[in-house]
>>> print(open('coords_21.txt').read())   # compact mmCIF, N, CA and C atoms
# COMPACT_ATOMS: atom_id res chain seq x y z
N MET A 20 0.84 -1.17 0.00
CA MET A 20 0.00 0.00 0.00
C MET A 20 0.88 1.24 0.00
N ASN A 21 0.50 2.23 -0.79
CA ASN A 21 1.27 3.47 -0.88
C ASN A 21 1.05 4.35 0.34
N LYS A 22 2.12 4.98 0.78
CA LYS A 22 2.03 5.93 1.89
C LYS A 22 1.46 7.23 1.36
N PRO A 23 0.45 7.84 2.06
CA PRO A 23 -0.11 9.11 1.57
C PRO A 23 0.95 10.21 1.57
N ALA A 24 0.93 11.02 0.53
CA ALA A 24 1.89 12.12 0.41
C ALA A 24 1.62 13.15 1.50
N ASP A 25 2.68 13.73 1.98
CA ASP A 25 2.53 14.82 2.95
C ASP A 25 1.78 15.97 2.29
N LYS A 26 0.97 16.64 3.11
CA LYS A 26 0.23 17.78 2.60
C LYS A 26 1.20 18.92 2.26
N ALA A 27 1.01 19.52 1.11
CA ALA A 27 1.89 20.62 0.68
C ALA A 27 1.72 21.82 1.60
N PRO A 28 2.79 22.57 1.84
CA PRO A 28 2.66 23.77 2.67
C PRO A 28 1.85 24.84 1.95
N PRO A 29 1.25 25.75 2.70
CA PRO A 29 0.47 26.83 2.06
C PRO A 29 1.35 27.67 1.14
N VAL A 30 0.75 28.26 0.15
CA VAL A 30 1.46 29.09 -0.81
C VAL A 30 2.21 30.21 -0.10
N GLU A 31 1.59 30.80 0.93
CA GLU A 31 2.25 31.88 1.67
C GLU A 31 3.59 31.44 2.23
N THR A 32 3.64 30.22 2.75
CA THR A 32 4.88 29.69 3.31
C THR A 32 5.92 29.51 2.21
N LEU A 33 5.51 28.98 1.08
CA LEU A 33 6.44 28.79 -0.04
C LEU A 33 6.99 30.13 -0.52
N LEU A 34 6.11 31.11 -0.64
CA LEU A 34 6.56 32.43 -1.08
C LEU A 34 7.50 33.08 -0.07
N GLU A 35 7.19 32.92 1.22
CA GLU A 35 8.06 33.49 2.25
C GLU A 35 9.42 32.79 2.25
N ASP A 36 9.42 31.47 2.01
CA ASP A 36 10.68 30.75 1.93
C ASP A 36 11.52 31.26 0.76
N LEU A 37 10.87 31.61 -0.33
CA LEU A 37 11.56 32.05 -1.53
C LEU A 37 12.00 33.52 -1.44
N PHE A 38 11.08 34.40 -0.99
CA PHE A 38 11.33 35.84 -1.02
C PHE A 38 11.59 36.47 0.35
N GLY A 39 11.32 35.74 1.42
CA GLY A 39 11.44 36.32 2.76
C GLY A 39 10.09 36.84 3.22
N PRO A 40 10.04 37.34 4.46
CA PRO A 40 8.76 37.80 5.00
C PRO A 40 8.25 39.06 4.29
N VAL A 41 6.94 39.22 4.27
CA VAL A 41 6.32 40.41 3.70
C VAL A 41 6.65 41.59 4.59
N ILE A 42 7.19 42.62 4.00
CA ILE A 42 7.55 43.82 4.76
C ILE A 42 6.34 44.74 4.87
N TYR A 43 5.60 44.88 3.78
CA TYR A 43 4.45 45.78 3.76
C TYR A 43 3.51 45.33 2.66
N SER A 44 2.23 45.42 2.92
CA SER A 44 1.23 45.16 1.89
C SER A 44 0.16 46.23 1.97
N TYR A 45 -0.45 46.52 0.85
CA TYR A 45 -1.50 47.54 0.75
C TYR A 45 -2.67 46.87 0.05
N THR A 46 -3.76 46.70 0.75
CA THR A 46 -4.88 45.93 0.21
C THR A 46 -5.81 46.82 -0.62
N ARG A 47 -6.63 46.18 -1.40
CA ARG A 47 -7.63 46.90 -2.18
C ARG A 47 -8.60 47.63 -1.24
N ALA A 48 -8.98 46.97 -0.15
CA ALA A 48 -9.88 47.62 0.82
C ALA A 48 -9.24 48.88 1.38
N GLN A 49 -7.95 48.84 1.66
CA GLN A 49 -7.26 50.04 2.16
C GLN A 49 -7.24 51.13 1.09
N ALA A 50 -7.00 50.74 -0.16
CA ALA A 50 -6.97 51.72 -1.25
C ALA A 50 -8.34 52.39 -1.42
N ILE A 51 -9.41 51.63 -1.26
CA ILE A 51 -10.75 52.20 -1.34
C ILE A 51 -11.00 53.12 -0.15
N ALA A 52 -10.62 52.69 1.05
CA ALA A 52 -10.81 53.52 2.25
C ALA A 52 -10.01 54.82 2.15
N ASP A 53 -8.82 54.76 1.55
CA ASP A 53 -7.96 55.94 1.41
C ASP A 53 -8.38 56.85 0.25
N GLY A 54 -9.27 56.37 -0.63
CA GLY A 54 -9.68 57.17 -1.78
C GLY A 54 -8.79 57.01 -3.00
N VAL A 55 -7.81 56.11 -2.93
CA VAL A 55 -6.95 55.84 -4.07
C VAL A 55 -7.76 55.14 -5.16
N LEU A 56 -8.69 54.28 -4.74
CA LEU A 56 -9.65 53.64 -5.63
C LEU A 56 -11.05 54.09 -5.22
N VAL A 57 -11.94 54.18 -6.20
CA VAL A 57 -13.33 54.54 -5.95
C VAL A 57 -14.17 53.31 -6.27
N ASP A 58 -14.85 52.76 -5.27
CA ASP A 58 -15.69 51.58 -5.46
C ASP A 58 -16.96 51.98 -6.19
N VAL A 59 -17.18 51.41 -7.37
CA VAL A 59 -18.36 51.70 -8.17
C VAL A 59 -19.16 50.42 -8.44
N SER A 60 -18.99 49.44 -7.55
CA SER A 60 -19.58 48.12 -7.77
C SER A 60 -21.10 48.15 -7.90
N GLU A 61 -21.76 48.99 -7.12
CA GLU A 61 -23.23 49.00 -7.17
C GLU A 61 -23.74 49.35 -8.56
N MET A 62 -23.24 50.42 -9.15
CA MET A 62 -23.68 50.77 -10.51
C MET A 62 -23.12 49.78 -11.52
N ALA A 63 -21.95 49.22 -11.25
CA ALA A 63 -21.36 48.24 -12.18
C ALA A 63 -22.25 47.01 -12.29
N TRP A 64 -22.83 46.57 -11.16
CA TRP A 64 -23.74 45.43 -11.21
C TRP A 64 -24.96 45.77 -12.06
N GLU A 65 -25.45 46.99 -11.96
CA GLU A 65 -26.58 47.41 -12.80
C GLU A 65 -26.21 47.39 -14.28
N ALA A 66 -24.94 47.68 -14.57
CA ALA A 66 -24.46 47.69 -15.96
C ALA A 66 -24.21 46.28 -16.49
N GLY A 67 -24.19 45.27 -15.60
CA GLY A 67 -24.01 43.89 -16.06
C GLY A 67 -22.77 43.19 -15.55
N PHE A 68 -21.90 43.89 -14.81
CA PHE A 68 -20.70 43.23 -14.29
C PHE A 68 -21.07 42.26 -13.18
N LYS A 69 -20.30 41.18 -13.09
CA LYS A 69 -20.52 40.14 -12.07
C LYS A 69 -19.50 40.21 -10.94
N PHE A 70 -18.48 41.06 -11.09
CA PHE A 70 -17.41 41.18 -10.09
C PHE A 70 -17.39 42.61 -9.56
N PRO A 71 -16.81 42.81 -8.38
CA PRO A 71 -16.64 44.19 -7.88
C PRO A 71 -15.79 45.01 -8.84
N VAL A 72 -16.13 46.29 -8.96
CA VAL A 72 -15.42 47.19 -9.87
C VAL A 72 -15.03 48.46 -9.11
N ALA A 73 -13.81 48.91 -9.34
CA ALA A 73 -13.34 50.18 -8.79
C ALA A 73 -12.64 50.95 -9.89
N LEU A 74 -12.65 52.27 -9.76
CA LEU A 74 -11.89 53.15 -10.65
C LEU A 74 -10.73 53.73 -9.87
N SER A 75 -9.61 53.91 -10.56
CA SER A 75 -8.51 54.64 -9.93
C SER A 75 -8.97 56.08 -9.73
N ARG A 76 -8.39 56.75 -8.77
CA ARG A 76 -8.75 58.16 -8.54
C ARG A 76 -8.51 58.99 -9.79
N ALA A 77 -7.42 58.73 -10.51
CA ALA A 77 -7.12 59.49 -11.72
C ALA A 77 -8.17 59.26 -12.80
N ALA A 78 -8.62 58.02 -12.98
CA ALA A 78 -9.66 57.72 -13.97
C ALA A 78 -10.97 58.40 -13.57
N TRP A 79 -11.27 58.37 -12.25
CA TRP A 79 -12.48 59.04 -11.75
C TRP A 79 -12.43 60.53 -12.08
N GLU A 80 -11.31 61.17 -11.77
CA GLU A 80 -11.19 62.62 -11.98
C GLU A 80 -11.23 62.96 -13.47
N ASP A 81 -10.67 62.12 -14.30
CA ASP A 81 -10.62 62.39 -15.74
C ASP A 81 -11.95 62.14 -16.44
N CYS A 82 -12.65 61.09 -16.06
CA CYS A 82 -13.82 60.67 -16.85
C CYS A 82 -15.16 60.75 -16.13
N VAL A 83 -15.17 60.88 -14.80
CA VAL A 83 -16.44 60.82 -14.06
C VAL A 83 -16.73 62.11 -13.30
N ALA A 84 -15.78 62.59 -12.51
CA ALA A 84 -16.03 63.72 -11.61
C ALA A 84 -16.65 64.89 -12.36
N TRP A 85 -17.73 65.44 -11.79
CA TRP A 85 -18.41 66.59 -12.37
C TRP A 85 -19.29 67.20 -11.29
N SER A 86 -19.20 68.50 -11.15
CA SER A 86 -19.96 69.20 -10.12
C SER A 86 -20.95 70.18 -10.76
N ASP A 87 -21.82 70.75 -9.93
CA ASP A 87 -22.73 71.79 -10.41
C ASP A 87 -21.95 72.98 -10.94
N GLU A 88 -20.83 73.27 -10.31
CA GLU A 88 -19.99 74.38 -10.77
C GLU A 88 -19.42 74.09 -12.17
N ASP A 89 -19.07 72.84 -12.42
CA ASP A 89 -18.60 72.46 -13.75
C ASP A 89 -19.71 72.66 -14.78
N SER A 90 -20.93 72.26 -14.41
CA SER A 90 -22.07 72.45 -15.32
C SER A 90 -22.32 73.92 -15.60
N ALA A 91 -22.17 74.77 -14.60
CA ALA A 91 -22.38 76.21 -14.79
C ALA A 91 -21.29 76.81 -15.68
N ARG A 92 -20.04 76.35 -15.55
CA ARG A 92 -18.92 76.88 -16.33
C ARG A 92 -18.88 76.33 -17.74
N GLN A 93 -19.21 75.06 -17.90
CA GLN A 93 -18.99 74.40 -19.17
C GLN A 93 -20.30 74.04 -19.86
N ILE A 94 -20.81 72.89 -19.55
CA ILE A 94 -22.04 72.37 -20.14
C ILE A 94 -22.66 71.45 -19.10
N HIS A 95 -23.97 71.34 -19.10
CA HIS A 95 -24.60 70.50 -18.08
C HIS A 95 -24.23 69.04 -18.28
N GLN A 96 -23.72 68.45 -17.22
CA GLN A 96 -23.40 67.03 -17.18
C GLN A 96 -23.84 66.51 -15.82
N ASP A 97 -24.06 65.23 -15.75
CA ASP A 97 -24.45 64.58 -14.50
C ASP A 97 -23.38 63.55 -14.16
N GLN A 98 -22.84 63.62 -12.95
CA GLN A 98 -21.76 62.72 -12.56
C GLN A 98 -22.18 61.25 -12.65
N SER A 99 -23.38 60.93 -12.22
CA SER A 99 -23.81 59.52 -12.30
C SER A 99 -23.97 59.09 -13.76
N GLY A 100 -24.37 60.00 -14.63
CA GLY A 100 -24.44 59.69 -16.06
C GLY A 100 -23.06 59.45 -16.66
N ARG A 101 -22.10 60.25 -16.22
CA ARG A 101 -20.72 60.07 -16.69
C ARG A 101 -20.17 58.72 -16.22
N LEU A 102 -20.47 58.35 -14.96
CA LEU A 102 -20.04 57.05 -14.45
C LEU A 102 -20.71 55.93 -15.25
N TRP A 103 -21.99 56.08 -15.54
CA TRP A 103 -22.69 55.06 -16.33
C TRP A 103 -22.00 54.88 -17.68
N ASP A 104 -21.63 55.98 -18.33
CA ASP A 104 -20.96 55.90 -19.62
C ASP A 104 -19.64 55.12 -19.52
N VAL A 105 -18.85 55.39 -18.48
CA VAL A 105 -17.58 54.68 -18.28
C VAL A 105 -17.83 53.19 -18.11
N LEU A 106 -18.81 52.85 -17.27
CA LEU A 106 -19.10 51.44 -16.99
C LEU A 106 -19.74 50.74 -18.19
N TRP A 107 -20.67 51.40 -18.84
CA TRP A 107 -21.33 50.78 -20.00
C TRP A 107 -20.34 50.49 -21.11
N MET A 108 -19.47 51.46 -21.42
CA MET A 108 -18.48 51.23 -22.47
C MET A 108 -17.50 50.13 -22.06
N ALA A 109 -17.16 50.06 -20.79
CA ALA A 109 -16.30 48.97 -20.31
C ALA A 109 -16.99 47.63 -20.46
N TRP A 110 -18.26 47.56 -20.08
CA TRP A 110 -19.00 46.30 -20.18
C TRP A 110 -19.11 45.85 -21.63
N VAL A 111 -19.40 46.79 -22.53
CA VAL A 111 -19.49 46.44 -23.96
C VAL A 111 -18.15 45.91 -24.45
N LYS A 112 -17.07 46.58 -24.07
CA LYS A 112 -15.74 46.14 -24.52
C LYS A 112 -15.40 44.75 -23.98
N VAL A 113 -15.72 44.51 -22.72
CA VAL A 113 -15.48 43.18 -22.13
C VAL A 113 -16.29 42.12 -22.88
N ARG A 114 -17.53 42.43 -23.21
CA ARG A 114 -18.40 41.46 -23.89
C ARG A 114 -17.91 41.10 -25.29
N VAL A 115 -17.29 42.05 -25.98
CA VAL A 115 -16.81 41.77 -27.34
C VAL A 115 -15.36 41.30 -27.35
N SER A 116 -14.74 41.21 -26.16
CA SER A 116 -13.34 40.79 -26.05
C SER A 116 -13.21 39.63 -25.06
N PRO A 117 -13.95 38.52 -25.27
CA PRO A 117 -13.95 37.47 -24.25
C PRO A 117 -12.61 36.79 -24.02
N LYS A 118 -11.70 36.84 -24.97
CA LYS A 118 -10.42 36.16 -24.82
C LYS A 118 -9.27 37.17 -24.78
N ALA A 119 -9.55 38.37 -24.32
CA ALA A 119 -8.55 39.43 -24.36
C ALA A 119 -7.49 39.31 -23.28
N GLY A 120 -7.72 38.53 -22.27
CA GLY A 120 -6.75 38.41 -21.19
C GLY A 120 -7.13 39.28 -20.01
N SER A 121 -6.13 39.60 -19.19
CA SER A 121 -6.42 40.31 -17.95
C SER A 121 -6.41 41.83 -18.09
N VAL A 122 -6.01 42.36 -19.25
CA VAL A 122 -6.02 43.80 -19.49
C VAL A 122 -6.74 44.08 -20.80
N ILE A 123 -7.72 44.97 -20.74
CA ILE A 123 -8.47 45.36 -21.93
C ILE A 123 -8.48 46.88 -22.01
N ASN A 124 -8.01 47.42 -23.12
CA ASN A 124 -8.03 48.86 -23.35
C ASN A 124 -9.33 49.24 -24.05
N TYR A 125 -9.85 50.41 -23.72
CA TYR A 125 -11.03 50.90 -24.41
C TYR A 125 -11.06 52.41 -24.41
N ALA A 126 -11.90 52.96 -25.27
CA ALA A 126 -12.03 54.41 -25.41
C ALA A 126 -13.48 54.81 -25.21
N LEU A 127 -13.66 56.06 -24.84
CA LEU A 127 -14.99 56.62 -24.73
C LEU A 127 -14.88 58.11 -24.97
N LEU A 128 -16.01 58.72 -25.29
CA LEU A 128 -16.06 60.17 -25.45
C LEU A 128 -16.55 60.77 -24.15
N ARG A 129 -15.85 61.82 -23.69
CA ARG A 129 -16.29 62.54 -22.51
C ARG A 129 -15.83 63.98 -22.62
N ILE A 130 -16.58 64.86 -21.96
CA ILE A 130 -16.21 66.27 -21.94
C ILE A 130 -15.14 66.46 -20.87
N PRO A 131 -13.98 66.99 -21.25
CA PRO A 131 -12.93 67.19 -20.25
C PRO A 131 -13.38 68.19 -19.19
N ARG A 132 -12.98 67.95 -17.99
CA ARG A 132 -13.31 68.84 -16.87
C ARG A 132 -12.19 69.89 -16.76
N ASP A 133 -12.19 70.83 -17.71
CA ASP A 133 -11.12 71.82 -17.77
C ASP A 133 -11.60 73.25 -17.60
N GLY A 134 -12.90 73.43 -17.36
CA GLY A 134 -13.43 74.76 -17.16
C GLY A 134 -13.88 75.46 -18.42
N VAL A 135 -13.59 74.90 -19.61
CA VAL A 135 -13.95 75.58 -20.85
C VAL A 135 -14.60 74.66 -21.90
N ALA A 136 -14.22 73.41 -21.95
CA ALA A 136 -14.68 72.51 -23.03
C ALA A 136 -16.19 72.30 -22.97
N THR A 137 -16.80 72.26 -24.16
CA THR A 137 -18.22 71.93 -24.28
C THR A 137 -18.45 70.81 -25.27
N GLU A 138 -17.39 70.34 -25.89
CA GLU A 138 -17.47 69.24 -26.85
C GLU A 138 -16.74 68.02 -26.30
N ALA A 139 -17.29 66.86 -26.57
CA ALA A 139 -16.68 65.61 -26.10
C ALA A 139 -15.41 65.30 -26.88
N VAL A 140 -14.43 64.76 -26.17
CA VAL A 140 -13.20 64.28 -26.79
C VAL A 140 -12.96 62.85 -26.33
N LYS A 141 -12.13 62.17 -27.08
CA LYS A 141 -11.84 60.77 -26.78
C LYS A 141 -10.99 60.65 -25.53
N GLY A 142 -11.38 59.74 -24.66
CA GLY A 142 -10.60 59.38 -23.48
C GLY A 142 -10.24 57.91 -23.54
N GLU A 143 -9.08 57.56 -23.02
CA GLU A 143 -8.60 56.18 -23.02
C GLU A 143 -8.59 55.64 -21.60
N LEU A 144 -9.05 54.41 -21.45
CA LEU A 144 -9.05 53.72 -20.16
C LEU A 144 -8.62 52.28 -20.38
N LYS A 145 -8.29 51.61 -19.29
CA LYS A 145 -8.05 50.17 -19.38
C LYS A 145 -8.72 49.49 -18.20
N ILE A 146 -9.12 48.27 -18.43
CA ILE A 146 -9.77 47.43 -17.42
C ILE A 146 -8.76 46.34 -17.07
N ILE A 147 -8.54 46.14 -15.78
CA ILE A 147 -7.64 45.08 -15.33
C ILE A 147 -8.42 44.10 -14.48
N LEU A 148 -8.37 42.84 -14.87
CA LEU A 148 -8.95 41.76 -14.07
C LEU A 148 -7.84 41.21 -13.20
N SER A 149 -8.07 41.20 -11.89
CA SER A 149 -7.06 40.70 -10.97
C SER A 149 -7.76 40.05 -9.78
N ASN A 150 -6.97 39.71 -8.78
CA ASN A 150 -7.52 39.12 -7.56
C ASN A 150 -7.68 40.18 -6.50
N GLY A 151 -8.80 40.09 -5.77
CA GLY A 151 -9.03 40.98 -4.66
C GLY A 151 -8.29 40.52 -3.42
N ASP A 152 -8.60 41.14 -2.30
CA ASP A 152 -7.90 40.86 -1.05
C ASP A 152 -8.03 39.41 -0.60
N ASP A 153 -9.12 38.75 -0.97
CA ASP A 153 -9.34 37.36 -0.57
C ASP A 153 -9.26 36.40 -1.75
N GLY A 154 -8.62 36.83 -2.83
CA GLY A 154 -8.44 35.98 -4.00
C GLY A 154 -9.61 36.00 -4.97
N GLU A 155 -10.66 36.75 -4.67
CA GLU A 155 -11.83 36.82 -5.55
C GLU A 155 -11.51 37.69 -6.77
N PRO A 156 -12.18 37.44 -7.90
CA PRO A 156 -11.94 38.27 -9.08
C PRO A 156 -12.50 39.68 -8.87
N VAL A 157 -11.71 40.68 -9.26
CA VAL A 157 -12.13 42.07 -9.19
C VAL A 157 -11.66 42.78 -10.45
N LEU A 158 -12.34 43.86 -10.79
CA LEU A 158 -11.97 44.66 -11.94
C LEU A 158 -11.58 46.05 -11.47
N THR A 159 -10.55 46.60 -12.09
CA THR A 159 -10.14 47.97 -11.81
C THR A 159 -10.03 48.70 -13.14
N ILE A 160 -10.68 49.86 -13.22
CA ILE A 160 -10.61 50.69 -14.42
C ILE A 160 -9.67 51.84 -14.11
N MET A 161 -8.71 52.05 -15.00
CA MET A 161 -7.71 53.09 -14.76
C MET A 161 -7.25 53.72 -16.07
N LEU A 162 -6.46 54.76 -15.96
CA LEU A 162 -5.87 55.38 -17.13
C LEU A 162 -4.81 54.46 -17.72
N PRO A 163 -4.54 54.56 -19.01
CA PRO A 163 -3.58 53.64 -19.64
C PRO A 163 -2.18 53.66 -19.03
N ASN A 164 -1.75 54.79 -18.46
CA ASN A 164 -0.39 54.87 -17.92
C ASN A 164 -0.30 54.44 -16.46
N GLU A 165 -1.40 53.98 -15.87
CA GLU A 165 -1.38 53.54 -14.48
C GLU A 165 -1.15 52.04 -14.39
N ASP A 166 -0.62 51.61 -13.23
CA ASP A 166 -0.42 50.17 -12.97
C ASP A 166 -1.39 49.70 -11.92
>>> encode(input="coords_21.txt", output="structure tokens")
Amino acid sequence: MNKPADKAPPVETLLEDLFGPVIYSYTRAQAIADGVLVDVSEMAWEAGFKFPVALSRAAWEDCVAWSDEDSARQIHQDQSGRLWDVLWMAWVKVRVSPKAGSVINYALLRIPRDGVATEAVKGELKIILSNGDDGEPVLTIMLPNED
């Protein structure tokens, strides 16, 4: 009769043996609490996403953020409508790119929040599929130059 194999050590132990102890980690939950990421999961689920979704602060400021003062200076826009546009275009791109991998680039038209623009211009974003704090799938939408 064969002797049962010893149970393999947890991945964390193997990684620590290879790289040494973790000096510092920054979780997705901490990034959301700090405002580095903006959790938009509730509207994302309405748009059709099945995983939690967050935007980087830079993507939020570039493509979503809009105030009453911006509407008075430029053209009337609604922040929730701008968020819907970001999420809807992301969802459409994900649906037509089922084998694209963990990073998908996409474009959308949005009015820049510059105090003067009244016409939409093209904006670039990327969607990254990764693991959340507990290994669950999560999506992060960010500017193309962000990691």
>>> closest_residue(input="coords_21.txt", among="A:Gly54, A:Pro117, A:Pro163, A:Pro29", to="Ile146 in chain A", atoms="only C-alpha atoms")
A:Pro163
>>> atom_distance(input="coords_21.txt", atom1="CA of Met161 in chain A", atom2="atom N of Tyr125 in chain A")
9.6 Å
>>> atom_distance(input="coords_21.txt", atom1="atom C of Arg47 in chain A", atom2="atom C of Leu102 in chain A")
20.3 Å
>>> select_by_dssp(input="coords_21.txt", residues="chain A", states="helix (DSSP H, G or I)", output="number ranges by chain")
A: 30-38, 47-53, 60-66, 76-82, 87-92, 98-115
>>> closest_residue(input="coords_21.txt", among="A:Phe70, A:Lys118, A:Glu31, A:Val55", to="Val157 in chain A", atoms="only N, CA and C atoms")
A:Phe70
>>> closest_residue(input="coords_21.txt", among="A:Asn164, A:Gln98, A:Ala119, A:Cys82", to="Ala139 in chain A", atoms="only C-alpha atoms")
A:Cys82
>>> closest_residue(input="coords_21.txt", among="A:Ala27, A:Ile160, A:Leu37, A:Ala91", to="Val72 in chain A", atoms="all atoms listed in the file")
A:Ile160
>>> closest_atom_pairs(input="coords_21.txt", of="range 27-124 of chain A", to="range 128-136 of chain A", cutoff="8 Å", atoms="only C-alpha atoms", output="CSV")
residue,atom,partner,partner_atom,distance
A:Asp81,CA,A:Pro131,CA,7.0
A:Cys82,CA,A:Arg129,CA,6.5
A:Ala84,CA,A:Arg132,CA,7.8
A:Trp85,CA,A:Arg132,CA,7.2
A:Asp89,CA,A:Gly134,CA,6.6
A:Arg92,CA,A:Gly134,CA,5.9
A:Gln93,CA,A:Val135,CA,5.4
A:Ile94,CA,A:Ala136,CA,7.9
A:Arg101,CA,A:Arg129,CA,7.7
>>> atom_distance(input="coords_21.txt", atom1="atom N of Leu158 in chain A", atom2="CA of Ala126 in chain A")
18.0 Å
>>> select_by_dssp(input="coords_21.txt", residues="range 105-164 of chain A", states="strand (DSSP E or B)", output="VMD selection string")
chain A and resid 122 to 129 140 to 150 156 to 161
>>> residues_near_point(input="coords_21.txt", point="(-24.3, 47.9, -11.9)", cutoff="12 Å", atoms="only C-alpha atoms", output="number ranges by chain")
A: 58-73, 99, 102-107, 109-110
>>> write_last_selection(input="coords_21.txt", atoms="N, CA and C atoms", output="PDB file, in the coordinates of the input")
ATOM      1  N   ASP A  58     -14.850  52.760  -5.270  1.00  0.00           N
ATOM      2  CA  ASP A  58     -15.690  51.580  -5.460  1.00  0.00           C
ATOM      3  C   ASP A  58     -16.960  51.980  -6.190  1.00  0.00           C
ATOM      4  N   VAL A  59     -17.180  51.410  -7.370  1.00  0.00           N
ATOM      5  CA  VAL A  59     -18.360  51.700  -8.170  1.00  0.00           C
ATOM      6  C   VAL A  59     -19.160  50.420  -8.440  1.00  0.00           C
ATOM      7  N   SER A  60     -18.990  49.440  -7.550  1.00  0.00           N
ATOM      8  CA  SER A  60     -19.580  48.120  -7.770  1.00  0.00           C
ATOM      9  C   SER A  60     -21.100  48.150  -7.900  1.00  0.00           C
ATOM     10  N   GLU A  61     -21.760  48.990  -7.120  1.00  0.00           N
ATOM     11  CA  GLU A  61     -23.230  49.000  -7.170  1.00  0.00           C
ATOM     12  C   GLU A  61     -23.740  49.350  -8.560  1.00  0.00           C
ATOM     13  N   MET A  62     -23.240  50.420  -9.150  1.00  0.00           N
ATOM     14  CA  MET A  62     -23.680  50.770 -10.510  1.00  0.00           C
ATOM     15  C   MET A  62     -23.120  49.780 -11.520  1.00  0.00           C
ATOM     16  N   ALA A  63     -21.950  49.220 -11.250  1.00  0.00           N
ATOM     17  CA  ALA A  63     -21.360  48.240 -12.180  1.00  0.00           C
ATOM     18  C   ALA A  63     -22.250  47.010 -12.290  1.00  0.00           C
ATOM     19  N   TRP A  64     -22.830  46.570 -11.160  1.00  0.00           N
ATOM     20  CA  TRP A  64     -23.740  45.430 -11.210  1.00  0.00           C
ATOM     21  C   TRP A  64     -24.960  45.770 -12.060  1.00  0.00           C
ATOM     22  N   GLU A  65     -25.450  46.990 -11.960  1.00  0.00           N
ATOM     23  CA  GLU A  65     -26.580  47.410 -12.800  1.00  0.00           C
ATOM     24  C   GLU A  65     -26.210  47.390 -14.280  1.00  0.00           C
ATOM     25  N   ALA A  66     -24.940  47.680 -14.570  1.00  0.00           N
ATOM     26  CA  ALA A  66     -24.460  47.690 -15.960  1.00  0.00           C
ATOM     27  C   ALA A  66     -24.210  46.280 -16.490  1.00  0.00           C
ATOM     28  N   GLY A  67     -24.190  45.270 -15.600  1.00  0.00           N
ATOM     29  CA  GLY A  67     -24.010  43.890 -16.060  1.00  0.00           C
ATOM     30  C   GLY A  67     -22.770  43.190 -15.550  1.00  0.00           C
ATOM     31  N   PHE A  68     -21.900  43.890 -14.810  1.00  0.00           N
ATOM     32  CA  PHE A  68     -20.700  43.230 -14.290  1.00  0.00           C
ATOM     33  C   PHE A  68     -21.070  42.260 -13.180  1.00  0.00           C
ATOM     34  N   LYS A  69     -20.300  41.180 -13.090  1.00  0.00           N
ATOM     35  CA  LYS A  69     -20.520  40.140 -12.070  1.00  0.00           C
ATOM     36  C   LYS A  69     -19.500  40.210 -10.940  1.00  0.00           C
ATOM     37  N   PHE A  70     -18.480  41.060 -11.090  1.00  0.00           N
ATOM     38  CA  PHE A  70     -17.410  41.180 -10.090  1.00  0.00           C
ATOM     39  C   PHE A  70     -17.390  42.610  -9.560  1.00  0.00           C
ATOM     40  N   PRO A  71     -16.810  42.810  -8.380  1.00  0.00           N
ATOM     41  CA  PRO A  71     -16.640  44.190  -7.880  1.00  0.00           C
ATOM     42  C   PRO A  71     -15.790  45.010  -8.840  1.00  0.00           C
ATOM     43  N   VAL A  72     -16.130  46.290  -8.960  1.00  0.00           N
ATOM     44  CA  VAL A  72     -15.420  47.190  -9.870  1.00  0.00           C
ATOM     45  C   VAL A  72     -15.030  48.460  -9.110  1.00  0.00           C
ATOM     46  N   ALA A  73     -13.810  48.910  -9.340  1.00  0.00           N
ATOM     47  CA  ALA A  73     -13.340  50.180  -8.790  1.00  0.00           C
ATOM     48  C   ALA A  73     -12.640  50.950  -9.890  1.00  0.00           C
ATOM     49  N   SER A  99     -23.380  60.930 -12.220  1.00  0.00           N
ATOM     50  CA  SER A  99     -23.810  59.520 -12.300  1.00  0.00           C
ATOM     51  C   SER A  99     -23.970  59.090 -13.760  1.00  0.00           C
ATOM     52  N   LEU A 102     -20.470  58.350 -14.960  1.00  0.00           N
ATOM     53  CA  LEU A 102     -20.040  57.050 -14.450  1.00  0.00           C
ATOM     54  C   LEU A 102     -20.710  55.930 -15.250  1.00  0.00           C
ATOM     55  N   TRP A 103     -21.990  56.080 -15.540  1.00  0.00           N
ATOM     56  CA  TRP A 103     -22.690  55.060 -16.330  1.00  0.00           C
ATOM     57  C   TRP A 103     -22.000  54.880 -17.680  1.00  0.00           C
ATOM     58  N   ASP A 104     -21.630  55.980 -18.330  1.00  0.00           N
ATOM     59  CA  ASP A 104     -20.960  55.900 -19.620  1.00  0.00           C
ATOM     60  C   ASP A 104     -19.640  55.120 -19.520  1.00  0.00           C
ATOM     61  N   VAL A 105     -18.850  55.390 -18.480  1.00  0.00           N
ATOM     62  CA  VAL A 105     -17.580  54.680 -18.280  1.00  0.00           C
ATOM     63  C   VAL A 105     -17.830  53.190 -18.110  1.00  0.00           C
ATOM     64  N   LEU A 106     -18.810  52.850 -17.270  1.00  0.00           N
ATOM     65  CA  LEU A 106     -19.100  51.440 -16.990  1.00  0.00           C
ATOM     66  C   LEU A 106     -19.740  50.740 -18.190  1.00  0.00           C
ATOM     67  N   TRP A 107     -20.670  51.400 -18.840  1.00  0.00           N
ATOM     68  CA  TRP A 107     -21.330  50.780 -20.000  1.00  0.00           C
ATOM     69  C   TRP A 107     -20.340  50.490 -21.110  1.00  0.00           C
ATOM     70  N   ALA A 109     -17.160  50.060 -20.790  1.00  0.00           N
ATOM     71  CA  ALA A 109     -16.300  48.970 -20.310  1.00  0.00           C
ATOM     72  C   ALA A 109     -16.990  47.630 -20.460  1.00  0.00           C
ATOM     73  N   TRP A 110     -18.260  47.560 -20.080  1.00  0.00           N
ATOM     74  CA  TRP A 110     -19.000  46.300 -20.180  1.00  0.00           C
ATOM     75  C   TRP A 110     -19.110  45.850 -21.630  1.00  0.00           C
TER      76      TRP A 110
END
>>> closest_residue(input="coords_21.txt", among="A:Val83, A:Leu74, A:Val113, A:Leu33", to="Ile51 in chain A", atoms="only C-alpha atoms")
A:Leu74
>>> closest_residue(input="coords_21.txt", among="A:Leu127, A:Ala50, A:Asp166, A:Ser121", to="Ile147 in chain A", atoms="all atoms listed in the file")
A:Ser121
